[in-house]
>>> print(open('query_11.pdb').read())   # PDB, C-alpha atoms, pLDDT in the B column
MODEL        1
ATOM      1  CA  MET A  15     -10.320   0.816  -5.231  1.00 82.00           C
ATOM      2  CA  TYR A  16      -8.490  -2.343  -6.101  1.00 81.00           C
ATOM      3  CA  TYR A  17      -4.749  -2.369  -6.547  1.00 84.00           C
ATOM      4  CA  ASN A  18      -4.877  -2.578 -10.344  1.00 83.00           C
ATOM      5  CA  GLU A  19      -6.562   0.849 -10.326  1.00 90.00           C
ATOM      6  CA  PHE A  20      -3.812   2.120  -8.019  1.00 90.00           C
ATOM      7  CA  PHE A  21      -1.151   0.882 -10.454  1.00 89.00           C
ATOM      8  CA  ASN A  22      -2.974   2.668 -13.299  1.00 88.00           C
ATOM      9  CA  LYS A  23      -2.976   5.913 -11.293  1.00 90.00           C
ATOM     10  CA  LEU A  24       0.722   5.441 -10.621  1.00 90.00           C
ATOM     11  CA  LYS A  25       1.418   5.031 -14.350  1.00 90.00           C
ATOM     12  CA  LYS A  26      -0.623   8.150 -15.151  1.00 90.00           C
ATOM     13  CA  ASN A  27       1.004  10.077 -12.284  1.00 87.00           C
ATOM     14  CA  THR A  28      -2.395  10.944 -10.777  1.00 87.00           C
ATOM     15  CA  LEU A  29      -1.856   9.724  -7.233  1.00 87.00           C
ATOM     16  CA  ALA A  30      -3.319  11.325  -4.138  1.00 88.00           C
ATOM     17  CA  THR A  31      -1.074  12.283  -1.229  1.00 89.00           C
ATOM     18  CA  PHE A  32      -2.221   9.479   1.100  1.00 91.00           C
ATOM     19  CA  TYR A  33      -3.531   5.917   0.875  1.00 91.00           C
ATOM     20  CA  LEU A  34      -4.615   3.094   3.152  1.00 91.00           C
ATOM     21  CA  PHE A  35      -3.279  -0.235   1.864  1.00 92.00           C
ATOM     22  CA  MET A  36      -5.147  -3.223   3.233  1.00 90.00           C
ATOM     23  CA  GLY A  37      -5.734  -6.831   2.342  1.00 86.00           C
ATOM     24  CA  GLU A  38      -4.269 -10.267   2.159  1.00 83.00           C
ATOM     25  CA  GLU A  39      -2.049  -9.936  -0.902  1.00 83.00           C
ATOM     26  CA  ASN A  40       1.236  -8.947   0.755  1.00 85.00           C
ATOM     27  CA  TYR A  41       3.286  -9.516  -2.383  1.00 85.00           C
ATOM     28  CA  MET A  42       1.247  -6.982  -4.340  1.00 87.00           C
ATOM     29  CA  MET A  43       1.464  -4.482  -1.450  1.00 90.00           C
ATOM     30  CA  ASP A  44       5.243  -4.807  -1.489  1.00 91.00           C
ATOM     31  CA  LEU A  45       5.214  -4.479  -5.275  1.00 91.00           C
ATOM     32  CA  ALA A  46       3.123  -1.287  -5.037  1.00 92.00           C
ATOM     33  CA  ILE A  47       5.548   0.225  -2.512  1.00 93.00           C
ATOM     34  CA  GLU A  48       8.542  -0.742  -4.650  1.00 93.00           C
ATOM     35  CA  SER A  49       6.821   0.737  -7.713  1.00 92.00           C
ATOM     36  CA  LEU A  50       6.279   3.997  -5.831  1.00 91.00           C
ATOM     37  CA  LYS A  51       9.937   4.079  -4.825  1.00 92.00           C
ATOM     38  CA  ASN A  52      11.085   3.302  -8.371  1.00 90.00           C
ATOM     39  CA  LYS A  53       8.894   6.028  -9.861  1.00 90.00           C
ATOM     40  CA  TYR A  54       9.574   8.859  -7.438  1.00 89.00           C
ATOM     41  CA  ILE A  55      12.805   8.165  -5.560  1.00 88.00           C
ATOM     42  CA  ASP A  56      16.316   7.838  -6.908  1.00 86.00           C
ATOM     43  CA  LYS A  57      17.896   4.616  -5.573  1.00 87.00           C
ATOM     44  CA  SER A  58      20.963   6.440  -4.275  1.00 88.00           C
ATOM     45  CA  LEU A  59      18.731   8.802  -2.249  1.00 88.00           C
ATOM     46  CA  GLU A  60      16.276   6.243  -0.914  1.00 88.00           C
ATOM     47  CA  SER A  61      17.570   6.486   2.646  1.00 88.00           C
ATOM     48  CA  ILE A  62      16.805  10.221   2.620  1.00 89.00           C
ATOM     49  CA  ASN A  63      13.473  10.217   0.768  1.00 90.00           C
ATOM     50  CA  PHE A  64      11.840   7.058   2.124  1.00 92.00           C
ATOM     51  CA  THR A  65      10.768   6.718   5.755  1.00 91.00           C
ATOM     52  CA  ARG A  66       9.328   3.553   7.259  1.00 92.00           C
ATOM     53  CA  ILE A  67       7.551   4.064  10.579  1.00 91.00           C
ATOM     54  CA  GLN A  68       6.503   1.193  12.822  1.00 89.00           C
ATOM     55  CA  GLY A  69       3.043   2.070  14.106  1.00 84.00           C
ATOM     56  CA  LYS A  70       3.514   0.163  17.350  1.00 84.00           C
ATOM     57  CA  GLU A  71       6.599   2.170  18.255  1.00 84.00           C
ATOM     58  CA  SER A  72       5.817   5.646  16.969  1.00 85.00           C
ATOM     59  CA  ASP A  73       3.669   8.686  17.606  1.00 86.00           C
ATOM     60  CA  LEU A  74       1.973  11.519  15.748  1.00 88.00           C
ATOM     61  CA  ASN A  75       4.995  13.833  16.037  1.00 89.00           C
ATOM     62  CA  ALA A  76       7.229  11.310  14.265  1.00 89.00           C
ATOM     63  CA  LEU A  77       4.703  11.062  11.437  1.00 89.00           C
ATOM     64  CA  ILE A  78       4.406  14.835  11.093  1.00 90.00           C
ATOM     65  CA  ASN A  79       8.186  15.263  11.140  1.00 88.00           C
ATOM     66  CA  ALA A  80       8.595  12.638   8.409  1.00 89.00           C
ATOM     67  CA  CYS A  81       5.896  14.242   6.259  1.00 89.00           C
ATOM     68  CA  GLU A  82       7.169  17.797   6.734  1.00 88.00           C
ATOM     69  CA  THR A  83      10.644  16.902   5.483  1.00 86.00           C
ATOM     70  CA  LEU A  84      10.932  17.916   1.839  1.00 88.00           C
ATOM     71  CA  PRO A  85      12.252  15.431  -0.726  1.00 86.00           C
ATOM     72  CA  PHE A  86      15.921  15.814  -1.606  1.00 90.00           C
ATOM     73  CA  MET A  87      16.609  15.677  -5.346  1.00 88.00           C
ATOM     74  CA  SER A  88      13.539  13.502  -5.905  1.00 85.00           C
ATOM     75  CA  GLU A  89      10.034  14.245  -7.094  1.00 86.00           C
ATOM     76  CA  LYS A  90       8.333  12.970  -3.942  1.00 88.00           C
ATOM     77  CA  ARG A  91       9.025  11.765  -0.455  1.00 91.00           C
ATOM     78  CA  LEU A  92       7.489   8.439   0.533  1.00 93.00           C
ATOM     79  CA  VAL A  93       6.384   7.784   4.126  1.00 93.00           C
ATOM     80  CA  LEU A  94       5.132   4.322   5.067  1.00 93.00           C
ATOM     81  CA  ILE A  95       3.440   3.522   8.370  1.00 91.00           C
ATOM     82  CA  LYS A  96       3.263  -0.181   9.144  1.00 91.00           C
ATOM     83  CA  ASP A  97       0.776  -1.489  11.697  1.00 87.00           C
ATOM     84  CA  ILE A  98      -1.520   1.494  11.272  1.00 87.00           C
ATOM     85  CA  PHE A  99      -4.098  -0.090  13.560  1.00 85.00           C
ATOM     86  CA  PHE A 100      -1.740   0.158  16.538  1.00 87.00           C
ATOM     87  CA  PHE A 101      -0.643   3.661  15.560  1.00 86.00           C
ATOM     88  CA  ILE A 102      -4.247   4.928  15.568  1.00 86.00           C
ATOM     89  CA  LYS A 103      -5.107   2.948  18.696  1.00 85.00           C
ATOM     90  CA  GLU A 104      -2.370   4.721  20.691  1.00 86.00           C
ATOM     91  CA  LEU A 105      -3.552   8.223  19.735  1.00 85.00           C
ATOM     92  CA  THR A 106      -5.617  10.248  22.145  1.00 88.00           C
ATOM     93  CA  GLU A 107      -8.933  11.585  20.867  1.00 90.00           C
ATOM     94  CA  LYS A 108      -7.365  15.027  20.367  1.00 92.00           C
ATOM     95  CA  GLN A 109      -4.365  13.543  18.514  1.00 91.00           C
ATOM     96  CA  GLU A 110      -6.671  11.463  16.335  1.00 89.00           C
ATOM     97  CA  LYS A 111      -8.570  14.591  15.248  1.00 90.00           C
ATOM     98  CA  GLU A 112      -5.250  16.302  14.582  1.00 92.00           C
ATOM     99  CA  PHE A 113      -4.105  13.291  12.532  1.00 90.00           C
ATOM    100  CA  TYR A 114      -7.170  13.366  10.256  1.00 89.00           C
ATOM    101  CA  LYS A 115      -6.924  17.111   9.877  1.00 91.00           C
ATOM    102  CA  TYR A 116      -3.212  16.895   9.102  1.00 91.00           C
ATOM    103  CA  ILE A 117      -3.400  14.236   6.373  1.00 89.00           C
ATOM    104  CA  ASN A 118      -5.911  16.361   4.493  1.00 88.00           C
ATOM    105  CA  THR A 119      -3.342  19.176   4.316  1.00 90.00           C
ATOM    106  CA  LEU A 120      -0.418  17.138   2.975  1.00 89.00           C
ATOM    107  CA  GLY A 121       1.501  18.763   0.131  1.00 86.00           C
ATOM    108  CA  ASP A 122       2.083  17.283  -3.313  1.00 88.00           C
ATOM    109  CA  HIS A 123       5.670  16.456  -2.340  1.00 90.00           C
ATOM    110  CA  ILE A 124       4.546  13.576  -0.127  1.00 91.00           C
ATOM    111  CA  CYS A 125       2.989  10.158  -0.585  1.00 92.00           C
ATOM    112  CA  LEU A 126       1.838   8.730   2.741  1.00 92.00           C
ATOM    113  CA  ILE A 127       1.005   5.029   2.832  1.00 92.00           C
ATOM    114  CA  LEU A 128      -0.787   3.558   5.832  1.00 91.00           C
ATOM    115  CA  LEU A 129      -0.334  -0.203   5.770  1.00 88.00           C
ATOM    116  CA  ASP A 130      -2.668  -2.772   7.315  1.00 86.00           C
ATOM    117  CA  ASP A 131      -1.481  -6.223   6.301  1.00 77.00           C
ATOM    118  CA  ASP A 132      -2.734  -7.977   9.434  1.00 76.00           C
ATOM    119  CA  PHE A 133      -6.481  -7.429   8.777  1.00 72.00           C
ATOM    120  CA  LEU A 134      -6.889  -5.360  11.947  1.00 80.00           C
ATOM    121  CA  VAL A 135      -8.574  -2.294  10.436  1.00 81.00           C
ATOM    122  CA  ARG A 136     -12.268  -3.057  10.098  1.00 84.00           C
ATOM    123  CA  LYS A 137     -14.456  -1.631   7.367  1.00 82.00           C
ATOM    124  CA  ASN A 138     -16.675   0.046   9.954  1.00 80.00           C
ATOM    125  CA  SER A 139     -13.750   1.843  11.643  1.00 84.00           C
ATOM    126  CA  LYS A 140     -13.332   5.611  11.508  1.00 85.00           C
ATOM    127  CA  LEU A 141      -9.980   5.229   9.692  1.00 85.00           C
ATOM    128  CA  TYR A 142     -11.455   3.084   6.930  1.00 86.00           C
ATOM    129  CA  ARG A 143     -14.522   5.288   6.488  1.00 85.00           C
ATOM    130  CA  ARG A 144     -12.385   8.457   6.265  1.00 86.00           C
ATOM    131  CA  PHE A 145     -10.142   6.987   3.594  1.00 86.00           C
ATOM    132  CA  LYS A 146     -13.010   5.339   1.715  1.00 88.00           C
ATOM    133  CA  LYS A 147     -14.826   8.685   1.571  1.00 87.00           C
ATOM    134  CA  THR A 148     -11.907  10.161  -0.392  1.00 86.00           C
ATOM    135  CA  ASN A 149     -11.418   6.961  -2.451  1.00 87.00           C
ATOM    136  CA  ASN A 150      -7.984   6.427  -0.900  1.00 88.00           C
ATOM    137  CA  VAL A 151      -8.399   2.838   0.261  1.00 90.00           C
ATOM    138  CA  VAL A 152      -6.467   0.357  -1.865  1.00 90.00           C
ATOM    139  CA  GLU A 153      -7.634  -3.210  -1.382  1.00 89.00           C
ATOM    140  CA  PHE A 154      -5.153  -5.959  -2.078  1.00 86.00           C
ATOM    141  CA  THR A 155      -7.320  -9.040  -2.471  1.00 83.00           C
ATOM    142  CA  LYS A 156      -6.084 -12.376  -3.715  1.00 81.00           C
ATOM    143  CA  LEU A 157      -6.225 -12.883  -7.453  1.00 77.00           C
ATOM    144  CA  ARG A 158      -8.814 -15.369  -8.599  1.00 77.00           C
ATOM    145  CA  GLY A 159      -9.511 -17.384 -11.738  1.00 77.00           C
ATOM    146  CA  ARG A 160      -8.590 -15.814 -15.033  1.00 81.00           C
ATOM    147  CA  ASP A 161      -6.916 -12.789 -13.410  1.00 80.00           C
ATOM    148  CA  LEU A 162      -4.511 -15.088 -11.568  1.00 82.00           C
ATOM    149  CA  ASN A 163      -3.681 -17.019 -14.744  1.00 82.00           C
ATOM    150  CA  GLN A 164      -3.079 -13.787 -16.672  1.00 84.00           C
ATOM    151  CA  TRP A 165      -0.829 -12.463 -13.923  1.00 82.00           C
ATOM    152  CA  VAL A 166       1.295 -15.631 -13.984  1.00 85.00           C
ATOM    153  CA  MET A 167       1.450 -15.442 -17.795  1.00 86.00           C
ATOM    154  CA  GLY A 168       2.579 -11.820 -17.544  1.00 85.00           C
ATOM    155  CA  VAL A 169       5.385 -12.714 -15.138  1.00 86.00           C
ATOM    156  CA  LEU A 170       6.474 -15.529 -17.418  1.00 89.00           C
ATOM    157  CA  LYS A 171       6.368 -13.263 -20.486  1.00 89.00           C
ATOM    158  CA  ARG A 172       8.477 -10.570 -18.753  1.00 89.00           C
ATOM    159  CA  ASN A 173      11.059 -13.259 -18.072  1.00 91.00           C
ATOM    160  CA  ASN A 174      10.956 -14.622 -21.647  1.00 91.00           C
ATOM    161  CA  LYS A 175       9.351 -17.895 -20.579  1.00 87.00           C
ATOM    162  CA  LYS A 176       6.309 -19.746 -21.859  1.00 86.00           C
ATOM    163  CA  MET A 177       3.970 -22.221 -20.224  1.00 85.00           C
ATOM    164  CA  LEU A 178       0.808 -23.956 -21.323  1.00 85.00           C
ATOM    165  CA  SER A 179      -2.392 -22.864 -19.643  1.00 83.00           C
ATOM    166  CA  SER A 180      -2.872 -26.319 -18.125  1.00 84.00           C
ATOM    167  CA  ASN A 181       0.633 -26.162 -16.631  1.00 85.00           C
ATOM    168  CA  ILE A 182      -0.082 -22.727 -15.176  1.00 83.00           C
ATOM    169  CA  ASN A 183      -3.170 -24.139 -13.463  1.00 82.00           C
ATOM    170  CA  TYR A 184      -1.125 -27.047 -12.133  1.00 85.00           C
ATOM    171  CA  PHE A 185       1.573 -24.669 -10.884  1.00 83.00           C
ATOM    172  CA  ILE A 186      -1.032 -22.547  -9.089  1.00 80.00           C
ATOM    173  CA  ASP A 187      -2.629 -25.631  -7.548  1.00 81.00           C
ATOM    174  CA  ILE A 188       0.627 -26.999  -6.120  1.00 81.00           C
ATOM    175  CA  SER A 189       1.656 -23.556  -4.848  1.00 79.00           C
ATOM    176  CA  SER A 190      -1.268 -23.544  -2.359  1.00 72.00           C
ATOM    177  CA  TYR A 191      -2.060 -19.976  -3.401  1.00 74.00           C
ATOM    178  CA  ARG A 192      -5.761 -20.716  -3.483  1.00 67.00           C
ATOM    179  CA  SER A 193      -5.671 -22.160   0.035  1.00 67.00           C
ATOM    180  CA  GLN A 194      -7.737 -20.237   2.591  1.00 58.00           C
ATOM    181  CA  SER A 195      -4.897 -20.347   5.118  1.00 58.00           C
ATOM    182  CA  SER A 196      -2.176 -18.948   2.849  1.00 54.00           C
ATOM    183  CA  LYS A 197      -1.361 -15.278   3.290  1.00 53.00           C
TER     184      LYS A 197
ENDMDL
END
>>> encode(input="query_11.pdb", output="structure tokens")
Amino acid sequence: MYYNEFFNKLKKNTLATFYLFMGEENYMMDLAIESLKNKYIDKSLESINFTRIQGKESDLNALINACETLPFMSEKRLVLIKDIFFFIKELTEKQEKEFYKYINTLGDHICLILLDDDFLVRKNSKLYRRFKKTNNVVEFTKLRGRDLNQWVMGVLKRNNKKMLSSNINYFIDISSYRSQSSK
């Protein structure tokens, strides 16, 4: 699914318990995570109900411990694993099986986000295929054409600003957003 579908599910409160975020649009990934926090976690309790795990420096037990902790005075607990490629890579075959079995048993109190913002998870990998099978892959691709213009217009409108369409195109062009090398 694309991230706009994820945002619609978030608005309707029909989210699954786990997702794989991947793609080149880091801003929208950050926005999705912030939106999750804003919807489910009270700001004053964020340090208790939000756990960020670095995949390079963690193990399966840390993930399970974070997911087993119940939310405190919030609807959900949010667990984010950055660098999921390295996390999976460090698991033994037995731990990997346990990981896939475990995420399928997560309770409704949790929202587990596996983040791949470095393009390391390939679409033919076991991780991708498992998440794709359950429709839990959220792809954050760059906005193109009309969608990009509408997004900029929406940001301007939310900030009570107006800009001509030609000026929006000029702004996008000088921002280098459309450049192949920009991330």
>>> resolve_selection(input="query_11.pdb", expression="the PyMOL selection byres ((chain A and resi 23-28) around 12)", output="MDAnalysis selection string")
chainID A and resid 15:22 29:32 46:54 89:90 122 125 150 152
>>> atom_distance(input="query_11.pdb", atom1="CA of Gly37 in chain A", atom2="CA of Leu129 in chain A")
9.2 Å
>>> atom_distance(input="query_11.pdb", atom1="CA of Phe35 in chain A", atom2="CA of Ser189 in chain A")
24.8 Å
>>> resolve_selection(input="query_11.pdb", expression="the PyMOL selection byres ((chain A and resi 92) around 6)", output="PDB file with C-alpha atoms, in the coordinates of the input")
ATOM      1  CA  PHE A  64      11.840   7.058   2.124  1.00 92.00           C
ATOM      2  CA  ARG A  91       9.025  11.765  -0.455  1.00 91.00           C
ATOM      3  CA  VAL A  93       6.384   7.784   4.126  1.00 93.00           C
ATOM      4  CA  ILE A 124       4.546  13.576  -0.127  1.00 91.00           C
ATOM      5  CA  CYS A 125       2.989  10.158  -0.585  1.00 92.00           C
TER       6      CYS A 125
END
>>> closest_residue(input="query_11.pdb", among="A:His123, A:Lys70, A:Lys115, A:Lys140", to="Phe86 in chain A", atoms="only C-alpha atoms")
A:His123
>>> closest_residue(input="query_11.pdb", among="A:Lys111, A:Ala80, A:Tyr41, A:Leu162", to="Asn63 in chain A", atoms="all atoms listed in the file")
A:Ala80
>>> closest_residue(input="query_11.pdb", among="A:Glu71, A:Glu82, A:Glu153, A:Asp161", to="Lys103 in chain A", atoms="all atoms listed in the file")
A:Glu71
>>> resolve_selection(input="query_11.pdb", expression="the PyMOL selection byres ((chain A and resi 94) around 7)", output="NGL selection string")
:A and (65-67 or 92-93 or 95-96 or 126-128)
>>> closest_residue(input="query_11.pdb", among="A:Val166, A:Ile182, A:Val135, A:Ile55", to="Pro85 in chain A", atoms="only C-alpha atoms")
A:Ile55
>>> closest_residue(input="query_11.pdb", among="A:Leu105, A:Met177, A:Leu157, A:Leu45", to="Asn75 in chain A", atoms="only C-alpha atoms")
A:Leu105
>>> atom_distance(input="query_11.pdb", atom1="CA of Asn118 in chain A", atom2="CA of Ser139 in chain A")
18.0 Å
>>> closest_residue(input="query_11.pdb", among="A:Leu141, A:Arg136, A:Ile186, A:Lys57", to="Arg160 in chain A", atoms="only C-alpha atoms")
A:Ile186
>>> residues_around(input="query_11.pdb", residues="Phe133 in chain A", least_positions_apart="4", cutoff="12 Å", atoms="all atoms listed in the file", output="mmCIF file with C-alpha atoms, in the coordinates of the input")
data_model
loop_
_atom_site.group_PDB
_atom_site.id
_atom_site.type_symbol
_atom_site.label_atom_id
_atom_site.label_comp_id
_atom_site.auth_asym_id
_atom_site.auth_seq_id
_atom_site.Cartn_x
_atom_site.Cartn_y
_atom_site.Cartn_z
ATOM 1 C CA PHE A 35 -3.279 -0.235 1.864
ATOM 2 C CA MET A 36 -5.147 -3.223 3.233
ATOM 3 C CA GLY A 37 -5.734 -6.831 2.342
ATOM 4 C CA GLU A 38 -4.269 -10.267 2.159
ATOM 5 C CA GLU A 39 -2.049 -9.936 -0.902
ATOM 6 C CA ASN A 40 1.236 -8.947 0.755
ATOM 7 C CA ASP A 97 0.776 -1.489 11.697
ATOM 8 C CA ILE A 98 -1.520 1.494 11.272
ATOM 9 C CA PHE A 99 -4.098 -0.090 13.560
ATOM 10 C CA PHE A 100 -1.740 0.158 16.538
ATOM 11 C CA LEU A 129 -0.334 -0.203 5.770
ATOM 12 C CA LYS A 137 -14.456 -1.631 7.367
ATOM 13 C CA TYR A 142 -11.455 3.084 6.930
ATOM 14 C CA GLU A 153 -7.634 -3.210 -1.382
ATOM 15 C CA PHE A 154 -5.153 -5.959 -2.078
ATOM 16 C CA THR A 155 -7.320 -9.040 -2.471
ATOM 17 C CA LYS A 197 -1.361 -15.278 3.290
#
>>> axis_aligned_box(input="query_11.pdb", around="range 151-166 of chain A", padding_each_side="8 Å", output="AutoDock Vina command-line options")
--center_x -4.1 --center_y -7.3 --center_z -8.2 --size_x 26.8 --size_y 36.2 --size_z 32.9
>>> residues_around(input="query_11.pdb", residues="Phe145 in chain A", least_positions_apart="5", cutoff="8 Å", atoms="only C-alpha atoms", output="PyMOL selection string")
chain A and resi 33-34+150-151
>>> build_atoms(input="query_11.pdb", residues="range 174-184 of chain A", atoms="all heavy atoms", output="compact mmCIF listing (two decimals), in the frame of the given file")
# COMPACT_ATOMS: atom_id res chain seq x y z
N ASN A 174 10.74 -13.89 -20.40
CA ASN A 174 10.96 -14.62 -21.65
C ASN A 174 10.75 -16.12 -21.50
O ASN A 174 11.52 -16.93 -22.01
CB ASN A 174 12.35 -14.33 -22.21
CG ASN A 174 12.51 -12.88 -22.56
OD1 ASN A 174 11.60 -12.26 -23.10
ND2 ASN A 174 13.67 -12.31 -22.23
N LYS A 175 9.71 -16.49 -20.78
CA LYS A 175 9.35 -17.90 -20.58
C LYS A 175 7.94 -18.13 -21.09
O LYS A 175 7.13 -17.21 -21.18
CB LYS A 175 9.41 -18.28 -19.10
CG LYS A 175 10.72 -17.99 -18.42
CD LYS A 175 11.81 -18.89 -18.92
CE LYS A 175 13.11 -18.55 -18.20
NZ LYS A 175 14.25 -19.12 -18.82
N LYS A 176 7.65 -19.38 -21.41
CA LYS A 176 6.31 -19.75 -21.86
C LYS A 176 5.86 -20.98 -21.09
O LYS A 176 6.68 -21.81 -20.70
CB LYS A 176 6.30 -20.05 -23.35
CG LYS A 176 6.53 -18.85 -24.23
CD LYS A 176 6.45 -19.21 -25.69
CE LYS A 176 6.73 -17.97 -26.53
NZ LYS A 176 6.64 -18.25 -27.95
N MET A 177 4.53 -21.07 -20.90
CA MET A 177 3.97 -22.22 -20.22
C MET A 177 2.55 -22.42 -20.74
O MET A 177 1.83 -21.45 -20.95
CB MET A 177 3.96 -21.96 -18.71
CG MET A 177 3.67 -23.16 -17.86
SD MET A 177 3.59 -22.79 -16.07
CE MET A 177 5.30 -22.60 -15.67
N LEU A 178 2.17 -23.65 -20.91
CA LEU A 178 0.81 -23.96 -21.32
C LEU A 178 -0.16 -23.58 -20.21
O LEU A 178 0.18 -23.60 -19.02
CB LEU A 178 0.66 -25.44 -21.64
CG LEU A 178 1.42 -25.96 -22.85
CD1 LEU A 178 1.29 -27.47 -22.95
CD2 LEU A 178 0.89 -25.30 -24.12
N SER A 179 -1.36 -23.25 -20.59
CA SER A 179 -2.39 -22.86 -19.64
C SER A 179 -2.65 -23.96 -18.60
O SER A 179 -2.83 -23.68 -17.42
CB SER A 179 -3.67 -22.55 -20.41
OG SER A 179 -4.55 -21.81 -19.66
N SER A 180 -2.65 -25.20 -19.05
CA SER A 180 -2.87 -26.32 -18.12
C SER A 180 -1.73 -26.42 -17.11
O SER A 180 -1.95 -26.73 -15.94
CB SER A 180 -3.03 -27.63 -18.89
OG SER A 180 -1.87 -27.89 -19.66
N ASN A 181 -0.51 -26.13 -17.54
CA ASN A 181 0.63 -26.16 -16.63
C ASN A 181 0.59 -25.00 -15.64
O ASN A 181 1.01 -25.15 -14.49
CB ASN A 181 1.95 -26.14 -17.40
CG ASN A 181 2.20 -27.42 -18.17
OD1 ASN A 181 1.58 -28.44 -17.87
ND2 ASN A 181 3.07 -27.37 -19.15
N ILE A 182 0.08 -23.87 -16.08
CA ILE A 182 -0.08 -22.73 -15.18
C ILE A 182 -1.07 -23.09 -14.08
O ILE A 182 -0.83 -22.83 -12.90
CB ILE A 182 -0.52 -21.46 -15.94
CG1 ILE A 182 0.63 -20.95 -16.80
CG2 ILE A 182 -1.00 -20.38 -14.98
CD1 ILE A 182 0.27 -19.78 -17.70
N ASN A 183 -2.19 -23.70 -14.47
CA ASN A 183 -3.17 -24.14 -13.46
C ASN A 183 -2.57 -25.14 -12.49
O ASN A 183 -2.81 -25.06 -11.27
CB ASN A 183 -4.41 -24.73 -14.13
CG ASN A 183 -5.28 -23.65 -14.74
OD1 ASN A 183 -5.37 -22.55 -14.22
ND2 ASN A 183 -5.92 -23.98 -15.85
N TYR A 184 -1.78 -26.07 -13.00
CA TYR A 184 -1.12 -27.05 -12.13
C TYR A 184 -0.15 -26.35 -11.18
O TYR A 184 -0.12 -26.63 -9.98
CB TYR A 184 -0.39 -28.10 -12.97
CG TYR A 184 0.35 -29.10 -12.14
CD1 TYR A 184 -0.33 -30.06 -11.40
CD2 TYR A 184 1.74 -29.09 -12.08
CE1 TYR A 184 0.35 -30.98 -10.62
CE2 TYR A 184 2.43 -29.99 -11.30
CZ TYR A 184 1.73 -30.94 -10.57
OH TYR A 184 2.40 -31.83 -9.78
